[in-house]
file entry.tsv (TSV, C-alpha atoms)
chain	number	residue	atom	x	y	z
A	14	MET	CA	-1.51	-7.72	22.54
A	15	ARG	CA	-4.44	-9.58	21.13
A	16	SER	CA	-8.07	-8.84	21.82
A	17	LYS	CA	-10.81	-11.46	21.76
A	18	ASP	CA	-12.73	-9.05	19.58
A	19	GLN	CA	-10.15	-7.88	17.05
A	20	ASN	CA	-12.47	-5.14	15.84
A	21	SER	CA	-12.58	-3.56	19.28
A	22	THR	CA	-10.81	-0.23	19.49
A	23	ASP	CA	-11.03	-0.12	23.27
A	24	TYR	CA	-7.35	-0.87	23.81
A	25	TYR	CA	-7.72	-0.63	27.61
A	26	SER	CA	-9.60	-3.91	27.50
A	27	TRP	CA	-6.91	-5.65	25.46
A	28	LYS	CA	-5.05	-8.40	27.29
A	29	LYS	CA	-1.26	-8.15	26.98
A	30	ARG	CA	0.36	-11.32	25.80
A	31	THR	CA	3.47	-12.71	27.44
A	32	ASN	CA	6.65	-14.07	25.95
A	33	ASP	CA	5.94	-17.53	27.45
A	34	GLU	CA	2.46	-17.58	25.93
A	35	CYS	CA	3.76	-16.65	22.46
A	36	CYS	CA	6.64	-19.17	22.68
A	37	SER	CA	4.28	-22.01	23.58
A	38	GLN	CA	1.98	-21.05	20.67
A	39	ALA	CA	5.01	-20.95	18.35
A	40	ASP	CA	6.02	-24.43	19.60
A	41	ILE	CA	2.55	-25.75	18.74
A	42	TYR	CA	2.88	-24.17	15.28
A	43	GLU	CA	6.30	-25.81	14.78
A	44	ALA	CA	5.05	-29.22	15.98
A	45	ALA	CA	2.06	-29.23	13.60
A	46	SER	CA	2.20	-32.13	11.17
A	47	ASP	CA	0.81	-30.41	8.08
A	48	GLU	CA	0.38	-26.96	6.52
A	49	GLU	CA	-3.37	-26.91	7.10
A	50	THR	CA	-2.90	-27.33	10.85
A	51	ARG	CA	-0.19	-24.66	10.85
A	52	ALA	CA	-2.43	-22.25	8.96
A	53	SER	CA	-5.22	-22.90	11.45
A	54	GLN	CA	-2.82	-22.38	14.37
A	55	PHE	CA	-1.54	-19.13	12.90
A	56	GLU	CA	-5.09	-17.93	12.22
A	57	ARG	CA	-6.00	-18.62	15.83
A	58	TYR	CA	-2.98	-17.06	17.58
A	59	GLY	CA	-1.13	-15.00	14.97
A	60	VAL	CA	2.23	-16.55	15.88
A	61	ARG	CA	4.62	-18.62	13.75
A	62	TRP	CA	7.79	-20.43	14.69
A	63	SER	CA	11.11	-18.59	14.30
A	64	GLU	CA	14.67	-19.79	14.89
A	65	LEU	CA	15.13	-16.63	16.97
A	66	LEU	CA	12.98	-18.25	19.65
A	67	ARG	CA	15.87	-20.66	20.39
A	68	LEU	CA	17.92	-17.74	21.71
A	69	PRO	CA	17.58	-17.57	25.51
A	70	TYR	CA	17.61	-13.76	25.60
A	71	PHE	CA	15.09	-13.27	22.78
A	72	ASP	CA	11.74	-11.98	24.03
A	73	ILE	CA	9.23	-12.07	21.19
A	74	MET	CA	7.12	-9.36	22.83
A	75	LYS	CA	10.00	-6.90	23.29
A	76	CYS	CA	12.37	-7.68	20.43
A	77	VAL	CA	9.99	-7.46	17.47
A	78	ILE	CA	9.24	-4.02	16.08
A	79	VAL	CA	7.02	-2.72	13.32
A	80	ASP	CA	9.08	-2.51	10.17
A	81	ALA	CA	8.26	1.11	9.37
A	82	MET	CA	11.12	1.55	6.90
A	83	HIS	CA	9.86	-1.25	4.66
A	84	ASN	CA	6.31	0.02	5.01
A	85	LEU	CA	7.47	3.35	3.59
A	86	PHE	CA	9.68	1.73	0.95
A	87	LEU	CA	6.92	-0.56	-0.32
A	88	GLY	CA	4.39	2.26	-0.31
A	89	LEU	CA	2.12	0.48	2.15
A	90	ILE	CA	1.45	3.63	4.18
A	91	LYS	CA	0.53	5.56	1.03
A	92	GLU	CA	-1.72	2.71	-0.12
A	93	HIS	CA	-3.38	2.56	3.29
A	94	LEU	CA	-4.05	6.31	3.40
A	95	THR	CA	-5.04	6.87	-0.21
A	96	GLY	CA	-6.37	3.49	-1.36
A	97	ILE	CA	-8.06	2.22	1.79
A	98	LEU	CA	-8.96	5.34	3.75
A	99	GLY	CA	-9.36	7.57	0.69
A	100	ILE	CA	-7.29	10.41	2.15
A	101	SER	CA	-5.50	12.40	-0.55
A	102	LEU	CA	-5.00	15.89	-1.83
A	103	PRO	CA	-6.95	16.74	-4.94
A	104	SER	CA	-4.79	16.52	-8.03
A	105	TRP	CA	-4.38	19.68	-10.11
A	106	LYS	CA	-5.22	17.53	-13.13
A	107	GLN	CA	-8.75	17.13	-11.79
A	108	GLU	CA	-9.26	20.88	-11.58
A	109	GLY	CA	-9.79	23.33	-14.37
A	110	PRO	CA	-6.92	25.48	-15.62
A	111	VAL	CA	-5.51	28.02	-13.17
A	112	ILE	CA	-4.23	30.35	-15.88
A	113	SER	CA	-6.31	30.95	-18.96
A	114	ILE	CA	-3.97	30.66	-21.94
A	115	ASN	CA	-5.12	31.21	-25.49
A	116	LEU	CA	-2.75	29.92	-28.12
A	117	SER	CA	-3.40	30.34	-31.82
A	118	GLU	CA	-3.68	27.35	-34.09
A	119	PRO	CA	-0.20	26.03	-34.84
A	120	PRO	CA	1.23	26.69	-38.30
A	121	SER	CA	0.43	24.22	-41.06
A	122	ASN	CA	4.03	22.98	-41.13
A	123	PHE	CA	3.64	21.49	-37.62
A	124	MET	CA	3.73	17.71	-37.63
A	125	THR	CA	1.31	15.67	-35.50
A	126	LYS	CA	3.89	15.11	-32.73
A	127	GLU	CA	4.68	18.83	-32.61
A	128	LYS	CA	0.96	19.62	-32.26
A	129	GLN	CA	0.72	17.07	-29.44
A	130	SER	CA	3.73	18.72	-27.76
A	131	LEU	CA	2.03	22.08	-28.01
A	132	ARG	CA	-1.15	20.72	-26.38
A	133	LYS	CA	0.94	19.28	-23.51
A	134	ILE	CA	2.76	22.60	-23.06
A	135	HIS	CA	-0.59	24.38	-22.95
A	136	ARG	CA	-1.89	21.96	-20.30
A	137	TRP	CA	1.26	22.28	-18.12
A	138	LEU	CA	1.31	26.06	-18.33
A	139	SER	CA	-2.40	26.27	-17.49
A	140	ALA	CA	-1.73	24.45	-14.19
A	141	PRO	CA	1.15	26.48	-12.71
A	142	MET	CA	0.81	24.93	-9.25
A	143	SER	CA	2.94	22.12	-10.64
A	144	LEU	CA	5.82	24.59	-10.46
A	145	VAL	CA	5.43	25.55	-6.78
A	146	SER	CA	7.82	23.15	-5.00
A	147	VAL	CA	11.41	22.62	-6.12
A	148	GLU	CA	10.80	18.95	-6.90
A	149	ASP	CA	7.65	19.70	-8.88
A	150	ARG	CA	9.43	22.55	-10.64
A	151	ASN	CA	12.27	20.24	-11.69
A	152	ASN	CA	9.74	17.68	-12.97
A	153	ALA	CA	7.88	20.40	-14.90
A	154	ILE	CA	11.13	21.62	-16.45
A	155	LYS	CA	11.97	18.04	-17.50
A	156	LYS	CA	8.52	17.69	-19.04
A	157	LEU	CA	8.84	20.97	-20.91
A	158	LYS	CA	12.28	19.99	-22.18
A	159	GLY	CA	10.70	16.81	-23.55
A	160	ALA	CA	8.54	18.91	-25.89
A	161	HIS	CA	9.54	19.66	-29.47
A	162	VAL	CA	11.61	22.82	-30.01
A	163	LYS	CA	9.13	24.16	-32.59
A	164	ALA	CA	6.30	23.82	-30.06
A	165	LEU	CA	8.33	25.54	-27.32
A	166	LYS	CA	9.32	28.36	-29.67
A	167	PHE	CA	5.70	28.80	-30.83
A	168	ALA	CA	4.44	28.91	-27.21
A	169	CYS	CA	7.09	31.53	-26.31
A	170	SER	CA	6.17	33.71	-29.28
A	171	GLU	CA	2.41	33.38	-28.54
A	172	LEU	CA	2.88	34.28	-24.87
A	173	ASP	CA	5.39	37.02	-25.67
A	174	CYS	CA	8.01	35.57	-23.36
A	175	THR	CA	11.33	36.01	-25.06
A	176	PRO	CA	14.12	33.65	-24.06
A	177	ALA	CA	16.89	35.18	-21.99
A	178	GLY	CA	19.80	36.77	-23.82
A	179	LYS	CA	17.85	38.45	-26.59
A	180	PRO	CA	20.21	38.91	-29.54
A	181	SER	CA	21.22	42.52	-29.97
A	182	THR	CA	23.03	42.20	-33.28
A	183	VAL	CA	22.20	40.64	-36.62
A	184	GLU	CA	25.08	38.18	-36.15
A	185	ALA	CA	23.82	37.15	-32.70
A	186	SER	CA	20.28	36.69	-34.03
A	187	LYS	CA	21.53	33.88	-36.24
A	188	ARG	CA	22.32	31.84	-33.13
A	189	VAL	CA	19.91	29.00	-32.57
A	190	ARG	CA	17.90	29.04	-29.35
A	191	THR	CA	17.92	25.79	-27.42
A	192	LYS	CA	15.21	23.93	-25.51
A	193	ASP	CA	16.85	25.24	-22.33
A	194	ASN	CA	16.32	28.84	-23.46
A	195	PHE	CA	12.66	28.33	-24.34
A	196	THR	CA	11.95	26.22	-21.24
A	197	ALA	CA	13.54	28.82	-18.94
A	198	ALA	CA	11.46	31.56	-20.60
A	199	LEU	CA	8.20	29.63	-20.15
A	200	VAL	CA	8.94	28.76	-16.52
A	201	ALA	CA	9.79	32.41	-15.80
A	202	TRP	CA	6.53	33.45	-17.51
A	203	VAL	CA	4.50	31.08	-15.30
A	204	GLY	CA	6.50	32.20	-12.24
A	205	SER	CA	5.35	35.78	-12.81
A	206	PHE	CA	1.73	34.57	-12.45
A	207	LEU	CA	2.50	32.67	-9.26
A	208	LEU	CA	3.63	35.91	-7.63
A	209	LEU	CA	0.09	37.26	-8.14
A	210	PHE	CA	-1.56	34.48	-6.08

call {"tool": "encode", "arguments": {"input": "entry.tsv", "output": "structure tokens"}}
result
Amino acid sequence: MRSKDQNSTDYYSWKKRTNDECCSQADIYEAASDEETRASQFERYGVRWSELLRLPYFDIMKCVIVDAMHNLFLGLIKEHLTGILGISLPSWKQEGPVISINLSEPPSNFMTKEKQSLRKIHRWLSAPMSLVSVEDRNNAIKKLKGAHVKALKFACSELDCTPAGKPSTVEASKRVRTKDNFTAALVAWVGSFLLLF
């Protein structure tokens, strides 16, 4: 279908195109002697030549579909909705913190990268909605595991969230806690706040 006024949204007034009409326009496109004429022909009718038109059973009006799968794969639908129409959910990064967390100044033996890790942990924990869905939760856990162990341990001690499997003996207390232990403790701590909402 092609309307004389392409900006018209009154689709009842649109004239349906026929296979014969499109094939003859494609023939004109194919017969054009130069690219400028072809471009003009395409601009006028919106049809190009295809080898499929040689097939006797091929009906250009019935056999061509919108390629929705590639639209999704290439992100064209997302770009159309968010970039062109401006439809999107507000990002939690644009909002203020959901949970007010006060961490002390890190110890003087913290290196610059460890201080940066601690600031990132603080920002992630202050926006717990990033832990709501399973996919977001897995991403948040990956981010937390990317932080330095000293920063994770400091955050756990400041928030009084002890990693699971608290050592009960002096011998067990010598065991080193891993990033997994600290990350699990911080995620569980944030999860307890989510239950309140």

call {"tool": "closest_residue", "arguments": {"input": "entry.tsv", "among": "A:Ser101, A:Ser46, A:His93, A:Tyr58", "to": "Glu34 (chain A)", "atoms": "all atoms listed in the file"}}
result
A:Tyr58

call {"tool": "residues_around", "arguments": {"input": "entry.tsv", "residues": "Arg61 (chain A)", "least_positions_apart": "6", "cutoff": "12 Å", "atoms": "all atoms listed in the file", "output": "PyMOL selection string"}}
result
chain A and resi 35-45+48+50-55+73

call {"tool": "closest_residue", "arguments": {"input": "entry.tsv", "among": "A:Leu131, A:Ile90, A:Arg190, A:Leu116", "to": "Asp173 (chain A)", "atoms": "all atoms listed in the file"}}
result
A:Leu116

call {"tool": "closest_residue", "arguments": {"input": "entry.tsv", "among": "A:Ile100, A:Leu94, A:Val162, A:Val203", "to": "Phe123 (chain A)", "atoms": "only C-alpha atoms"}}
result
A:Val162

call {"tool": "atom_distance", "arguments": {"input": "entry.tsv", "atom1": "CA of Ala197 (chain A)", "atom2": "CA of Ser113 (chain A)"}}
result
20.0 Å

call {"tool": "residues_around", "arguments": {"input": "entry.tsv", "residues": "region 165-170 of chain A", "least_positions_apart": "6", "cutoff": "12 Å", "atoms": "all atoms listed in the file", "output": "PDB file with C-alpha atoms, in the frame of the given file"}}
result
ATOM      1  CA  ILE A 114      -3.970  30.660 -21.940  1.00  0.00           C
ATOM      2  CA  ASN A 115      -5.120  31.210 -25.490  1.00  0.00           C
ATOM      3  CA  LEU A 116      -2.750  29.920 -28.120  1.00  0.00           C
ATOM      4  CA  SER A 117      -3.400  30.340 -31.820  1.00  0.00           C
ATOM      5  CA  GLU A 118      -3.680  27.350 -34.090  1.00  0.00           C
ATOM      6  CA  PRO A 119      -0.200  26.030 -34.840  1.00  0.00           C
ATOM      7  CA  PRO A 120       1.230  26.690 -38.300  1.00  0.00           C
ATOM      8  CA  ASN A 122       4.030  22.980 -41.130  1.00  0.00           C
ATOM      9  CA  PHE A 123       3.640  21.490 -37.620  1.00  0.00           C
ATOM     10  CA  GLU A 127       4.680  18.830 -32.610  1.00  0.00           C
ATOM     11  CA  LYS A 128       0.960  19.620 -32.260  1.00  0.00           C
ATOM     12  CA  GLN A 129       0.720  17.070 -29.440  1.00  0.00           C
ATOM     13  CA  SER A 130       3.730  18.720 -27.760  1.00  0.00           C
ATOM     14  CA  LEU A 131       2.030  22.080 -28.010  1.00  0.00           C
ATOM     15  CA  ARG A 132      -1.150  20.720 -26.380  1.00  0.00           C
ATOM     16  CA  LYS A 133       0.940  19.280 -23.510  1.00  0.00           C
ATOM     17  CA  ILE A 134       2.760  22.600 -23.060  1.00  0.00           C
ATOM     18  CA  HIS A 135      -0.590  24.380 -22.950  1.00  0.00           C
ATOM     19  CA  ARG A 136      -1.890  21.960 -20.300  1.00  0.00           C
ATOM     20  CA  TRP A 137       1.260  22.280 -18.120  1.00  0.00           C
ATOM     21  CA  LEU A 138       1.310  26.060 -18.330  1.00  0.00           C
ATOM     22  CA  ILE A 154      11.130  21.620 -16.450  1.00  0.00           C
ATOM     23  CA  LYS A 156       8.520  17.690 -19.040  1.00  0.00           C
ATOM     24  CA  LEU A 157       8.840  20.970 -20.910  1.00  0.00           C
ATOM     25  CA  LYS A 158      12.280  19.990 -22.180  1.00  0.00           C
ATOM     26  CA  GLY A 159      10.700  16.810 -23.550  1.00  0.00           C
ATOM     27  CA  PRO A 176      14.120  33.650 -24.060  1.00  0.00           C
ATOM     28  CA  ALA A 177      16.890  35.180 -21.990  1.00  0.00           C
ATOM     29  CA  VAL A 189      19.910  29.000 -32.570  1.00  0.00           C
ATOM     30  CA  ARG A 190      17.900  29.040 -29.350  1.00  0.00           C
ATOM     31  CA  THR A 191      17.920  25.790 -27.420  1.00  0.00           C
ATOM     32  CA  LYS A 192      15.210  23.930 -25.510  1.00  0.00           C
ATOM     33  CA  ASP A 193      16.850  25.240 -22.330  1.00  0.00           C
ATOM     34  CA  ASN A 194      16.320  28.840 -23.460  1.00  0.00           C
ATOM     35  CA  PHE A 195      12.660  28.330 -24.340  1.00  0.00           C
ATOM     36  CA  THR A 196      11.950  26.220 -21.240  1.00  0.00           C
ATOM     37  CA  ALA A 197      13.540  28.820 -18.940  1.00  0.00           C
ATOM     38  CA  ALA A 198      11.460  31.560 -20.600  1.00  0.00           C
ATOM     39  CA  LEU A 199       8.200  29.630 -20.150  1.00  0.00           C
ATOM     40  CA  VAL A 200       8.940  28.760 -16.520  1.00  0.00           C
ATOM     41  CA  ALA A 201       9.790  32.410 -15.800  1.00  0.00           C
ATOM     42  CA  TRP A 202       6.530  33.450 -17.510  1.00  0.00           C
ATOM     43  CA  VAL A 203       4.500  31.080 -15.300  1.00  0.00           C
TER      44      VAL A 203
END
